[in-house]
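Shown next: entry-v7.cif, given as mmCIF, C-alpha atoms and all ligand atoms.
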```cif
data_model
loop_
_atom_site.label_atom_id
_atom_site.label_comp_id
_atom_site.auth_asym_id
_atom_site.auth_seq_id
_atom_site.Cartn_x
_atom_site.Cartn_y
_atom_site.Cartn_z
CA MET A 9 -3.36 21.56 10.24
CA GLU A 10 -0.55 21.59 12.76
CA ALA A 11 2.50 23.27 11.24
CA VAL A 12 5.74 21.31 11.26
CA SER A 13 8.28 23.76 9.95
CA GLY A 14 11.79 22.57 9.14
CA ALA A 15 10.17 19.15 9.34
CA ALA A 16 12.08 15.93 9.35
CA LEU A 17 11.51 12.88 11.54
CA CYS A 18 9.96 12.77 14.98
CA PRO A 19 12.67 14.00 17.37
CA ALA A 20 11.59 11.47 20.01
CA CYS A 21 11.49 8.22 18.00
CA ALA A 22 13.07 9.10 14.61
CA LYS A 23 9.96 7.79 12.82
CA PRO A 24 8.02 9.66 10.11
CA LEU A 25 5.72 12.54 11.01
CA LEU A 26 2.23 12.73 9.56
CA VAL A 27 0.11 15.87 9.29
CA ARG A 28 -2.91 15.94 11.60
CA HIS A 29 -5.80 18.10 10.42
CA ASP A 30 -8.32 19.29 12.96
CA LEU A 31 -11.24 17.55 11.26
CA SER A 32 -13.63 18.26 14.12
CA ARG A 33 -13.76 21.87 12.92
CA LEU A 34 -14.87 20.85 9.43
CA ASP A 35 -18.39 20.05 8.24
CA GLY A 36 -18.15 16.88 6.13
CA ALA A 37 -21.41 17.34 4.23
CA ALA A 38 -20.57 20.95 3.34
CA LEU A 39 -17.08 19.93 2.23
CA GLN A 40 -18.43 17.18 0.04
CA GLU A 41 -20.62 19.72 -1.71
CA ILE A 42 -17.73 22.14 -2.17
CA TRP A 43 -15.51 19.40 -3.61
CA GLU A 44 -18.26 18.33 -6.00
CA ARG A 45 -18.82 21.92 -7.11
CA ARG A 46 -15.15 22.58 -7.72
CA GLY A 47 -14.98 19.69 -10.17
CA CYS A 48 -11.62 18.81 -11.57
CA ASP A 49 -10.44 22.31 -12.54
CA GLN A 50 -8.23 22.68 -9.52
CA GLY A 51 -6.68 19.22 -9.87
CA MET A 52 -5.76 17.64 -6.56
CA TRP A 53 -5.90 21.02 -4.80
CA ARG A 54 -9.68 20.91 -4.89
CA PHE A 55 -9.28 19.03 -1.60
CA ARG A 56 -7.29 21.94 -0.15
CA GLU A 57 -9.29 22.01 3.11
CA ILE A 58 -7.55 18.80 4.16
CA MET A 59 -4.19 19.57 2.58
CA PRO A 60 -1.21 21.51 3.94
CA LEU A 61 -2.48 24.89 2.85
CA ARG A 62 -3.96 27.63 5.00
CA GLU A 63 -6.73 29.99 4.00
CA GLY A 64 -5.43 32.58 1.52
CA GLU A 65 -2.27 30.63 0.61
CA GLU A 66 -1.62 29.57 -2.99
CA PRO A 67 -0.11 26.21 -3.98
CA VAL A 68 2.85 25.60 -6.29
CA THR A 69 0.92 23.77 -8.96
CA LEU A 70 1.11 22.60 -12.54
CA GLY A 71 -2.38 21.11 -12.62
CA GLU A 72 -1.43 17.77 -11.05
CA GLY A 73 -4.14 15.32 -10.08
CA ALA A 74 -7.67 14.93 -11.45
CA THR A 75 -6.40 11.89 -13.37
CA PRO A 76 -9.00 9.56 -14.84
CA LEU A 77 -10.25 6.39 -13.17
CA LEU A 78 -10.54 4.24 -16.26
CA PRO A 79 -12.65 1.09 -16.39
CA LEU A 80 -10.39 -1.67 -17.69
CA ARG A 81 -11.78 -3.52 -20.65
CA ARG A 82 -10.39 -5.59 -23.42
CA PRO A 83 -10.50 -3.76 -26.72
CA GLY A 84 -13.93 -3.94 -28.30
CA ALA A 85 -15.61 -5.41 -25.21
CA GLY A 86 -18.22 -2.65 -25.09
CA GLY A 87 -19.57 -1.52 -21.76
CA SER A 88 -18.68 -4.58 -19.74
CA CYS A 89 -15.49 -5.97 -18.31
CA ARG A 90 -17.18 -9.12 -17.10
CA SER A 91 -16.63 -11.31 -20.12
CA THR A 92 -15.15 -14.75 -19.51
CA SER A 93 -13.56 -15.15 -22.92
CA ALA A 94 -11.50 -11.97 -22.83
CA ARG A 95 -8.04 -11.94 -24.35
CA GLY A 96 -7.30 -8.38 -23.27
CA PRO A 97 -6.02 -6.89 -20.02
CA ASP A 98 -9.11 -8.15 -18.17
CA ALA A 99 -8.33 -11.78 -19.06
CA GLY A 100 -8.18 -13.86 -15.90
CA LEU A 101 -10.05 -11.13 -14.06
CA ASP A 102 -13.61 -11.83 -15.17
CA GLY A 103 -16.32 -11.14 -12.63
CA LEU A 104 -14.53 -8.08 -11.24
CA THR A 105 -15.18 -4.42 -11.90
CA LEU A 106 -11.68 -3.24 -12.60
CA TYR A 107 -10.36 0.29 -12.83
CA VAL A 108 -7.01 1.85 -13.51
CA LYS A 109 -6.13 5.11 -11.76
CA ASP A 110 -4.04 6.53 -14.57
CA GLU A 111 -1.33 8.58 -12.93
CA GLY A 112 0.73 8.81 -16.11
CA ARG A 113 -1.40 11.87 -16.95
CA ASN A 114 0.33 14.05 -14.37
CA PRO A 115 2.55 16.96 -15.49
CA THR A 116 5.84 15.01 -15.44
CA GLY A 117 4.23 11.65 -16.22
CA SER A 118 4.04 10.16 -12.75
CA PHE A 119 2.15 10.23 -9.48
CA LYS A 120 5.20 11.77 -7.81
CA ASP A 121 3.88 15.17 -8.91
CA ARG A 122 1.16 15.07 -6.28
CA GLY A 123 3.56 14.60 -3.39
CA LEU A 124 6.09 17.09 -4.67
CA SER A 125 3.55 19.77 -5.46
CA ALA A 126 2.34 19.46 -1.84
CA ALA A 127 5.82 19.34 -0.30
CA VAL A 128 7.27 22.19 -2.37
CA THR A 129 4.16 24.25 -1.65
CA ARG A 130 4.27 23.91 2.14
CA ALA A 131 8.05 24.17 2.39
CA THR A 132 8.19 27.27 0.18
CA LEU A 133 5.44 28.93 2.20
CA ASP A 134 7.45 28.12 5.34
CA GLY A 135 10.53 29.87 3.93
CA VAL A 136 12.58 26.99 2.47
CA THR A 137 14.92 28.21 -0.30
CA ARG A 138 16.62 25.00 -1.55
CA PHE A 139 15.63 21.35 -1.93
CA VAL A 140 17.32 17.97 -2.13
CA ILE A 141 16.05 14.47 -2.91
CA PRO A 142 17.38 10.96 -3.52
CA SER A 143 15.45 9.36 -6.35
CA ALA A 144 14.97 6.20 -8.36
CA GLY A 145 14.03 8.58 -11.16
CA ASN A 146 10.49 9.93 -11.19
CA ALA A 147 10.62 11.81 -7.90
CA GLY A 148 13.79 13.62 -8.99
CA VAL A 149 12.24 14.81 -12.24
CA SER A 150 9.20 15.92 -10.31
CA LEU A 151 11.09 17.78 -7.58
CA ALA A 152 13.25 19.59 -10.17
CA THR A 153 10.07 20.61 -11.99
CA TYR A 154 8.18 21.90 -8.95
CA ALA A 155 11.19 23.59 -7.39
CA GLY A 156 11.73 25.26 -10.77
CA ARG A 157 8.12 26.35 -10.75
CA ALA A 158 8.73 27.93 -7.34
CA GLY A 159 11.94 29.55 -8.65
CA LEU A 160 14.17 27.57 -6.29
CA PRO A 161 17.15 25.22 -6.79
CA ALA A 162 16.92 21.44 -6.34
CA ARG A 163 19.67 18.87 -6.07
CA VAL A 164 18.82 15.29 -7.12
CA TYR A 165 20.89 12.21 -6.19
CA LEU A 166 20.39 9.31 -8.62
CA PRO A 167 21.91 5.81 -8.63
CA VAL A 168 24.42 5.66 -11.54
CA ASP A 169 22.40 3.02 -13.36
CA THR A 170 19.24 5.14 -13.50
CA PRO A 171 18.01 5.36 -17.12
CA VAL A 172 19.66 8.22 -18.98
CA GLN A 173 16.30 9.78 -19.94
CA VAL A 174 15.60 10.39 -16.26
CA GLU A 175 18.88 12.24 -15.81
CA ARG A 176 18.26 14.33 -18.93
CA ARG A 177 14.74 15.19 -17.88
CA THR A 178 15.89 16.18 -14.40
CA ARG A 179 18.56 18.49 -15.83
CA ALA A 180 16.13 19.87 -18.41
CA ALA A 181 13.81 20.89 -15.56
CA GLY A 182 16.70 22.77 -13.94
CA GLY A 183 17.68 20.09 -11.40
CA GLU A 184 21.29 19.70 -10.33
CA VAL A 185 22.06 15.99 -10.76
CA ARG A 186 24.60 13.97 -8.75
CA GLN A 187 25.10 10.33 -9.60
CA VAL A 188 25.90 7.89 -6.82
CA GLU A 189 27.64 4.50 -7.09
CA GLY A 190 25.05 2.45 -5.25
CA LEU A 191 21.38 2.20 -4.46
CA ILE A 192 18.62 4.64 -3.51
CA THR A 193 19.63 4.13 0.14
CA ASP A 194 23.15 5.42 -0.68
CA CYS A 195 21.57 8.37 -2.50
CA GLY A 196 19.53 9.02 0.65
CA ALA A 197 22.67 9.20 2.77
CA ALA A 198 24.26 11.63 0.28
CA ALA A 199 21.10 13.79 0.31
CA ARG A 200 21.14 13.96 4.11
CA ARG A 201 24.78 15.06 4.12
CA TYR A 202 23.98 17.75 1.56
CA ALA A 203 20.97 18.92 3.60
CA ARG A 204 23.09 19.16 6.77
CA ARG A 205 25.80 21.09 4.93
CA THR A 206 23.58 23.56 3.08
CA GLY A 207 20.29 23.72 4.98
CA ALA A 208 18.43 22.35 1.94
CA PHE A 209 15.01 20.85 2.71
CA ASP A 210 15.25 17.07 2.34
CA VAL A 211 12.12 15.76 0.64
CA SER A 212 13.15 12.08 0.82
CA THR A 213 10.21 9.70 1.12
CA LEU A 214 8.62 10.13 4.56
CA ARG A 215 11.43 12.31 5.94
CA GLU A 216 8.89 15.11 5.80
CA PRO A 217 5.11 14.82 6.16
CA TYR A 218 3.81 16.73 3.14
CA ARG A 219 4.38 14.36 0.21
CA ILE A 220 1.90 11.97 1.82
CA GLU A 221 -0.66 14.80 1.85
CA GLY A 222 -0.37 15.03 -1.92
CA LYS A 223 -0.37 11.28 -2.45
CA LYS A 224 -3.51 10.80 -0.40
CA THR A 225 -5.46 12.78 -2.99
CA MET A 226 -5.29 9.75 -5.31
CA MET A 227 -7.63 7.93 -2.95
CA LEU A 228 -9.82 11.00 -2.41
CA GLU A 229 -10.26 11.21 -6.19
CA ILE A 230 -10.99 7.49 -6.49
CA VAL A 231 -13.70 7.63 -3.82
CA GLN A 232 -15.21 10.74 -5.39
CA ALA A 233 -15.18 9.13 -8.87
CA LEU A 234 -17.00 6.10 -7.45
CA GLY A 235 -19.80 8.32 -6.12
CA TRP A 236 -18.27 8.55 -2.64
CA ARG A 237 -18.03 4.81 -2.27
CA VAL A 238 -14.76 3.20 -1.35
CA PRO A 239 -13.46 0.46 -3.66
CA ASP A 240 -13.32 -3.10 -2.31
CA ALA A 241 -9.61 -3.42 -3.02
CA ILE A 242 -6.63 -1.52 -4.40
CA VAL A 243 -3.40 -2.91 -5.83
CA TYR A 244 -0.42 -0.60 -5.42
CA PRO A 245 3.17 -0.98 -6.70
CA THR A 246 5.14 -0.48 -3.52
CA GLY A 247 8.60 0.95 -3.01
CA GLY A 248 8.57 3.45 -0.16
CA GLY A 249 4.81 2.91 0.14
CA THR A 250 3.64 6.54 0.10
CA GLY A 251 0.55 5.80 -2.00
CA LEU A 252 -0.56 3.07 0.38
CA ILE A 253 0.05 5.11 3.49
CA GLY A 254 -1.62 8.09 1.82
CA SER A 255 -4.64 6.00 0.81
CA TRP A 256 -4.96 4.68 4.34
CA LYS A 257 -4.81 8.24 5.71
CA ALA A 258 -7.33 9.50 3.12
CA LEU A 259 -9.84 6.80 4.05
CA ALA A 260 -9.44 7.54 7.76
CA GLU A 261 -10.03 11.26 7.13
CA LEU A 262 -13.08 10.65 4.92
CA GLU A 263 -14.49 8.39 7.60
CA ALA A 264 -13.83 10.96 10.34
CA LEU A 265 -15.64 13.54 8.19
CA GLY A 266 -18.56 11.14 7.72
CA ILE A 267 -18.19 11.38 3.95
CA ALA A 268 -17.47 7.78 3.04
CA THR A 269 -17.48 4.62 5.04
CA GLY A 270 -16.49 1.07 4.36
CA SER A 271 -13.10 -0.48 4.05
CA THR A 272 -10.73 -1.10 1.20
CA ARG A 273 -8.38 -4.07 1.27
CA MET A 274 -4.95 -2.85 0.30
CA TYR A 275 -2.51 -5.03 -1.61
CA ALA A 276 1.13 -4.14 -2.06
CA VAL A 277 2.86 -5.53 -5.13
CA GLN A 278 6.65 -5.64 -5.29
CA ALA A 279 9.22 -7.05 -7.71
CA ASP A 280 10.39 -10.55 -6.81
CA GLY A 281 13.97 -9.24 -6.94
CA CYS A 282 13.23 -6.68 -4.21
CA ALA A 283 10.33 -7.63 -1.96
CA PRO A 284 11.06 -6.66 1.66
CA ILE A 285 7.43 -5.80 2.44
CA VAL A 286 6.13 -9.05 0.94
CA ARG A 287 8.61 -11.06 3.00
CA ALA A 288 7.76 -9.21 6.22
CA PHE A 289 4.01 -9.53 5.59
CA ARG A 290 4.28 -13.28 5.01
CA GLU A 291 6.34 -13.68 8.17
CA GLY A 292 3.84 -11.61 10.13
CA ARG A 293 6.45 -9.05 11.19
CA PRO A 294 5.55 -5.45 12.07
CA GLU A 295 8.69 -4.12 10.32
CA ALA A 296 10.67 -5.23 7.28
CA GLU A 297 14.31 -6.27 7.11
CA VAL A 298 16.60 -4.77 4.49
CA TRP A 299 16.51 -6.68 1.17
CA GLU A 300 20.09 -7.49 0.24
CA GLU A 301 21.17 -7.07 -3.39
CA PRO A 302 17.89 -5.82 -4.84
CA GLU A 303 17.45 -6.51 -8.53
CA THR A 304 14.62 -5.24 -10.68
CA SER A 305 14.20 -3.04 -13.72
CA ALA A 306 11.08 -1.57 -12.09
CA TYR A 307 13.22 1.25 -10.69
CA GLY A 308 10.44 2.66 -8.53
CA LEU A 309 10.23 -0.67 -6.72
CA ARG A 310 13.97 -1.01 -6.09
CA VAL A 311 13.69 0.13 -2.49
CA PRO A 312 15.50 -2.33 -0.20
CA ALA A 313 14.38 -0.61 3.02
CA ALA A 314 11.37 1.67 3.48
CA LEU A 315 11.34 4.17 6.34
CA GLY A 316 7.57 3.74 6.58
CA ASP A 317 7.68 -0.09 6.52
CA PHE A 318 5.70 -0.35 9.76
CA LEU A 319 3.01 1.99 8.42
CA ILE A 320 2.74 0.02 5.16
CA LEU A 321 2.50 -3.28 7.03
CA ARG A 322 -0.07 -1.84 9.40
CA ALA A 323 -2.20 -0.60 6.47
CA LEU A 324 -2.03 -4.00 4.77
CA THR A 325 -2.89 -5.91 7.94
CA GLU A 326 -5.58 -3.59 9.29
CA SER A 327 -7.29 -3.35 5.90
CA GLY A 328 -7.38 -7.15 5.51
CA GLY A 329 -5.24 -6.96 2.36
CA GLY A 330 -1.85 -8.46 1.67
CA ALA A 331 1.41 -8.36 -0.25
CA LEU A 332 2.69 -10.26 -3.24
CA ALA A 333 5.55 -10.24 -5.71
CA VAL A 334 5.65 -10.53 -9.49
CA THR A 335 8.57 -11.00 -11.87
CA ASP A 336 9.85 -8.16 -14.05
CA GLU A 337 8.82 -10.17 -17.09
CA GLU A 338 5.21 -10.51 -15.83
CA ALA A 339 5.11 -6.80 -15.06
CA ARG A 340 6.54 -5.85 -18.45
CA LEU A 341 4.10 -8.06 -20.35
CA ALA A 342 1.17 -6.69 -18.35
CA ALA A 343 2.32 -3.09 -19.00
CA ALA A 344 2.37 -3.91 -22.71
CA GLU A 345 -1.19 -5.29 -22.44
CA LEU A 346 -2.32 -2.07 -20.81
CA GLY A 347 -0.60 -0.19 -23.62
CA ARG A 348 -2.58 -2.12 -26.22
CA ALA A 349 -5.76 -1.24 -24.33
CA GLY A 350 -4.94 2.47 -24.62
CA ILE A 351 -3.37 2.99 -21.21
CA SER A 352 0.30 3.89 -21.36
CA ALA A 353 1.80 2.10 -18.35
CA SER A 354 5.20 1.95 -16.74
CA ILE A 355 6.51 -1.42 -15.62
CA GLU A 356 5.36 -0.58 -12.06
CA GLY A 357 1.83 0.00 -13.35
CA GLY A 358 2.04 -3.30 -15.24
CA ALA A 359 2.98 -5.04 -11.98
CA THR A 360 -0.44 -4.22 -10.54
CA LEU A 361 -2.24 -5.97 -13.40
CA ALA A 362 -0.02 -9.04 -13.08
CA ALA A 363 -0.64 -9.00 -9.32
CA ALA A 364 -4.42 -8.66 -9.72
CA ARG A 365 -4.45 -11.83 -11.82
CA GLN A 366 -2.53 -13.64 -9.13
CA LEU A 367 -4.93 -12.38 -6.44
CA ARG A 368 -7.97 -13.38 -8.47
CA LYS A 369 -6.54 -16.84 -9.10
CA GLU A 370 -5.89 -17.47 -5.42
CA GLY A 371 -9.42 -16.21 -4.54
CA SER A 372 -8.46 -12.97 -2.78
CA LEU A 373 -10.61 -10.88 -5.13
CA ALA A 374 -14.25 -11.98 -5.14
CA ASP A 375 -16.96 -11.81 -7.80
CA GLY A 376 -18.51 -8.38 -8.20
CA GLU A 377 -15.78 -6.51 -6.34
CA ALA A 378 -14.59 -3.07 -7.45
CA VAL A 379 -10.80 -3.18 -7.69
CA VAL A 380 -8.49 -0.27 -8.50
CA LEU A 381 -5.03 -0.75 -10.02
CA PHE A 382 -2.56 2.14 -9.72
CA ASN A 383 -0.72 2.90 -12.95
CA THR A 384 1.82 5.12 -11.25
CA ALA A 385 3.58 6.39 -14.37
CA HIS A 386 3.45 6.74 -18.14
CA ALA A 387 5.45 4.26 -20.23
CA LEU A 388 7.66 7.06 -21.53
CA VAL A 389 9.16 7.97 -18.15
CA TYR A 390 12.01 5.48 -18.62
C1 LIG A 401 6.50 4.62 -11.30
C2 LIG A 401 6.62 4.31 -9.85
N1 LIG A 401 5.76 3.44 -9.29
C3 LIG A 401 5.82 3.12 -7.98
C4 LIG A 401 6.79 3.68 -7.15
C5 LIG A 401 6.79 3.31 -5.70
O1 LIG A 401 6.11 4.28 -4.99
P1 LIG A 401 6.10 4.39 -3.42
O2 LIG A 401 7.45 4.86 -3.02
O3 LIG A 401 5.02 5.32 -3.09
O4 LIG A 401 5.83 3.02 -2.91
C6 LIG A 401 7.68 4.62 -7.67
C7 LIG A 401 8.68 5.25 -6.81
O5 LIG A 401 9.71 5.69 -7.24
C8 LIG A 401 7.60 4.94 -9.05
O6 LIG A 401 8.43 5.84 -9.60
#
```
Can you give me the file's structure in the form of structure tokens?
Amino acid sequence: MEAVSGAALCPACAKPLLVRHDLSRLDGAALQEIWERRGCDQGMWRFREIMPLREGEEPVTLGEGATPLLPLRRPGAGGSCRSTSARGPDAGLDGLTLYVKDEGRNPTGSFKDRGLSAAVTRATLDGVTRFVIPSAGNAGVSLATYAGRAGLPARVYLPVDTPVQVERRTRAAGGEVRQVEGLITDCGAAARRYARRTGAFDVSTLREPYRIEGKKTMMLEIVQALGWRVPDAIVYPTGGGTGLIGSWKALAELEALGIATGSTRMYAVQADGCAPIVRAFREGRPEAEVWEEPETSAYGLRVPAALGDFLILRALTESGGGALAVTDEEARLAAAELGRAGISASIEGGATLAAARQLRKEGSLADGEAVVLFNTAHALVY
């Protein structure tokens, strides 16, 4: 790993920095064995050899990761999710082998814990003493929790219309909340001012390289759970796109290590009231334009401009995947379906099920394919 202390954006081009591990020094086969042996006890940190942690260092952890990859079946369907008469969450998806990566099981109820455990770990080890983040909700709760675990203060900027539970949970975890009249982008500007004034480490999406290192472990776990085979496709609810970029990085690293080969088509799902990546993908652009007046109650997807837009679009294009939008109503109904099948899903998680149906209908998901939906948070987070 190359250290990037006091990290922010690339000083030359103001684009995000990514961690580069020296994979040529690692033995893929030996690593695979070590990761198998460690099992799930160490959560996502069982992949520590390709995470931002040096030998002898200890992570700031609450047991994040090691979430289940659940086969998706209608209730009572037995061992198969291939039935054609299903009236459960697999309805309209027959012929596929569907899984849900259930990220609601993380310590604060969302996948954000992976990224913030990684970022707080590396930053703390590098001497950071204070954090700041703009958040749609889940990342703020998570940062407050992990900073608290490290014994350090965290300031969280939230849009004023963020659900009140999020604010309460952030404060309960010791976070210092500031509400901002405006969107996540306005919160981002406030966080940057605070960071400049106080020297706090700004863990905004992709303004530092370590959250991606945590997020990529979702894909490492998926590939491991599938017996070191990559899935044919993933469907990811996309705001800032860290899970997609992380998945893309994880697959590249596994391939470089000779551990898993094959490609996964990546599909980004956004809310139809805020779909800058979908619009850019359809227009064949390498970057996305800002989405004016975003409107969606899927707060994690209310991101009008993503700093890593070009990386997301590159991952979608190079993987042969795509981007699509669903309505809030479709996402909410699909989340409720997942709930009835025993998987507590946030509206963002529901969006992936609604999107998978759309993809199957238009023929983008073929018979027999293994498809993974990302349920990024528990229903109770909002
Ligand atoms: C529950 C949930 N799902 C999805 C997202 C979007 O994630 P990303 O920024 O990695 O695209 C968020 C981000 O806030 C979220 O909280």
Q: Residues up to 6 Å from ligand LIG 401 (chain A), counting all atoms listed in the file: could you list those as a list in words?
A: Ala144, Asn146, Pro245, Thr246, Gly247, Gly248, Gly249, Thr250, Gly251, Gly308, Leu309, Glu356, Thr384 and Ala385 of chain A
Let's have the selection written as an mmCIF file, in the frame of the given file, with C-alpha atoms.
```
data_model
loop_
_atom_site.group_PDB
_atom_site.id
_atom_site.type_symbol
_atom_site.label_atom_id
_atom_site.label_comp_id
_atom_site.auth_asym_id
_atom_site.auth_seq_id
_atom_site.Cartn_x
_atom_site.Cartn_y
_atom_site.Cartn_z
ATOM 1 C CA ALA A 144 14.970 6.200 -8.360
ATOM 2 C CA ASN A 146 10.490 9.930 -11.190
ATOM 3 C CA PRO A 245 3.170 -0.980 -6.700
ATOM 4 C CA THR A 246 5.140 -0.480 -3.520
ATOM 5 C CA GLY A 247 8.600 0.950 -3.010
ATOM 6 C CA GLY A 248 8.570 3.450 -0.160
ATOM 7 C CA GLY A 249 4.810 2.910 0.140
ATOM 8 C CA THR A 250 3.640 6.540 0.100
ATOM 9 C CA GLY A 251 0.550 5.800 -2.000
ATOM 10 C CA GLY A 308 10.440 2.660 -8.530
ATOM 11 C CA LEU A 309 10.230 -0.670 -6.720
ATOM 12 C CA GLU A 356 5.360 -0.580 -12.060
ATOM 13 C CA THR A 384 1.820 5.120 -11.250
ATOM 14 C CA ALA A 385 3.580 6.390 -14.370
#
```
Can I get the residues of stretch 131-229 of chain A within 9 Å of stretch 42-63 of chain A, each with the closest pair of atoms and their distance in Å to one decimal, using all atoms listed in the file, sorted chain first then ascending number, as a tab-separated table?
```
residue	atom	partner	partner_atom	distance
A:Leu133	CA	A:Leu61	CA	8.9
A:Tyr218	CA	A:Pro60	CA	7.0
A:Glu221	CA	A:Met59	CA	6.0
A:Gly222	CA	A:Met59	CA	7.4
A:Thr225	CA	A:Met52	CA	6.0
A:Met226	CA	A:Met52	CA	8.0
A:Leu228	CA	A:Phe55	CA	8.1
A:Glu229	CA	A:Met52	CA	7.9
```
**Q.** Long-range neighbours of A:Gly190 as a PyMOL selection string, 12 Å cut-off, all atoms listed in the file, 4 positions minimum in chain
**A.** chain A and resi 142-144+165-170+194-198+301-302+310-312
Include C-alpha atoms and write out the residues we just selected as a CSV table (one decimal), in the frame of the given file.
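Just written: again_25.csv:
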```csv
chain,number,residue,atom,x,y,z
A,142,PRO,CA,17.4,11.0,-3.5
A,143,SER,CA,15.4,9.4,-6.4
A,144,ALA,CA,15.0,6.2,-8.4
A,165,TYR,CA,20.9,12.2,-6.2
A,166,LEU,CA,20.4,9.3,-8.6
A,167,PRO,CA,21.9,5.8,-8.6
A,168,VAL,CA,24.4,5.7,-11.5
A,169,ASP,CA,22.4,3.0,-13.4
A,170,THR,CA,19.2,5.1,-13.5
A,194,ASP,CA,23.2,5.4,-0.7
A,195,CYS,CA,21.6,8.4,-2.5
A,196,GLY,CA,19.5,9.0,0.6
A,197,ALA,CA,22.7,9.2,2.8
A,198,ALA,CA,24.3,11.6,0.3
A,301,GLU,CA,21.2,-7.1,-3.4
A,302,PRO,CA,17.9,-5.8,-4.8
A,310,ARG,CA,14.0,-1.0,-6.1
A,311,VAL,CA,13.7,0.1,-2.5
A,312,PRO,CA,15.5,-2.3,-0.2
```
Q) Leaving out stretch 209-213 of chain A and any residue of its chain fewer than 2 positions from it, which residues lie within 6 Å of it when counting only C-alpha atoms, given as a PyMOL selection string? A) chain A and resi 139-141+215
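When the distance limit is 10 Å and all atoms listed in the file are what count, the residues near A:Gly159, minus those fewer than 4 positions from it on the same chain, are Thr132, Thr137, Arg138, Thr153, Tyr154, Ala155 and Gly182 of chain A.
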Mind dumping the selected residues with C-alpha atoms as a short mmCIF file (atom, residue, chain, number, x, y, z; two decimals), in the frame of the given file?
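Now in out-v9.cif:
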```cif
data_model
loop_
_atom_site.label_atom_id
_atom_site.label_comp_id
_atom_site.auth_asym_id
_atom_site.auth_seq_id
_atom_site.Cartn_x
_atom_site.Cartn_y
_atom_site.Cartn_z
CA THR A 132 8.19 27.27 0.18
CA THR A 137 14.92 28.21 -0.30
CA ARG A 138 16.62 25.00 -1.55
CA THR A 153 10.07 20.61 -11.99
CA TYR A 154 8.18 21.90 -8.95
CA ALA A 155 11.19 23.59 -7.39
CA GLY A 182 16.70 22.77 -13.94
#
```
Q) How many Å lie between atom CA of A:Leu252 and atom CA of A:Pro79, rounded to one decimal? A)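 So the two atoms, atom CA of A:Leu252 and atom CA of A:Pro79, lie 20.8 Å apart.
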Q) atom CA of A:Ser305 and atom CA of A:Ala241 are how many Å apart? A) 26.1 Å
Q: Would you list the residues near (0.1, 6.2, -15.7), meaning any protein, DNA or RNA residue with an atom at most 7 Å from that point in file coordinates, counting all atoms listed in the file, as a list in words?
A: Asp110, Glu111, Gly112, Arg113, Gly117, Ser118, Ser352, Ala353, Ser354, Gly357, Asn383, Thr384, Ala385 and His386 of chain A
Within 10 Å of stretch 281-298 of chain A, counting all atoms listed in the file, which residues qualify if same-chain residues fewer than 2 places away don't, as a short mmCIF file (atom, residue, chain, number, x, y, z; two decimals) with C-alpha atoms, keeping the file's coordinate frame?
```cif
data_model
loop_
_atom_site.label_atom_id
_atom_site.label_comp_id
_atom_site.auth_asym_id
_atom_site.auth_seq_id
_atom_site.Cartn_x
_atom_site.Cartn_y
_atom_site.Cartn_z
CA THR A 246 5.14 -0.48 -3.52
CA GLY A 247 8.60 0.95 -3.01
CA GLY A 248 8.57 3.45 -0.16
CA GLY A 249 4.81 2.91 0.14
CA TYR A 275 -2.51 -5.03 -1.61
CA ALA A 276 1.13 -4.14 -2.06
CA VAL A 277 2.86 -5.53 -5.13
CA GLN A 278 6.65 -5.64 -5.29
CA ALA A 279 9.22 -7.05 -7.71
CA GLU A 300 20.09 -7.49 0.24
CA GLU A 301 21.17 -7.07 -3.39
CA PRO A 302 17.89 -5.82 -4.84
CA GLU A 303 17.45 -6.51 -8.53
CA THR A 304 14.62 -5.24 -10.68
CA SER A 305 14.20 -3.04 -13.72
CA ALA A 306 11.08 -1.57 -12.09
CA LEU A 309 10.23 -0.67 -6.72
CA ARG A 310 13.97 -1.01 -6.09
CA VAL A 311 13.69 0.13 -2.49
CA PRO A 312 15.50 -2.33 -0.20
CA ALA A 313 14.38 -0.61 3.02
CA ALA A 314 11.37 1.67 3.48
CA LEU A 315 11.34 4.17 6.34
CA GLY A 316 7.57 3.74 6.58
CA ASP A 317 7.68 -0.09 6.52
CA PHE A 318 5.70 -0.35 9.76
CA LEU A 319 3.01 1.99 8.42
CA ILE A 320 2.74 0.02 5.16
CA LEU A 321 2.50 -3.28 7.03
CA ARG A 322 -0.07 -1.84 9.40
CA LEU A 324 -2.03 -4.00 4.77
CA THR A 325 -2.89 -5.91 7.94
CA GLY A 330 -1.85 -8.46 1.67
CA ALA A 331 1.41 -8.36 -0.25
CA LEU A 332 2.69 -10.26 -3.24
CA ALA A 333 5.55 -10.24 -5.71
CA VAL A 334 5.65 -10.53 -9.49
CA THR A 335 8.57 -11.00 -11.87
CA ASP A 336 9.85 -8.16 -14.05
#
```
Q: For A:Leu124, work out the shell of residues within 6 Å, counting all atoms listed in the file and skipping chain neighbours fewer than 4 positions away, then give it as number ranges by chain.
A: A: 128, 151, 219
Q. Between A:Lys109, A:Arg340, A:Arg186, A:Arg177, which has the minimum distance to A:Leu381 (counting all atoms listed in the file)?
A. A:Lys109
Q. Counting all atoms listed in the file, which of A:Glu65, A:Arg163, A:Thr193, A:Leu106 gets nearest to A:Ala208?
A.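 Closest to A:Ala208, using all atoms listed in the file: A:Arg163.
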Q.
Between A:Leu25, A:Leu70, A:Leu101, A:Leu346, which residue has the minimum interatomic distance to A:Glu377, considering only C-alpha atoms?
A.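 Using only C-alpha atoms, the shortest distance to A:Glu377 belongs to A:Leu101.
Here atom CA of A:Lys257 and atom CA of A:Pro217 stand 11.9 Å from one another.
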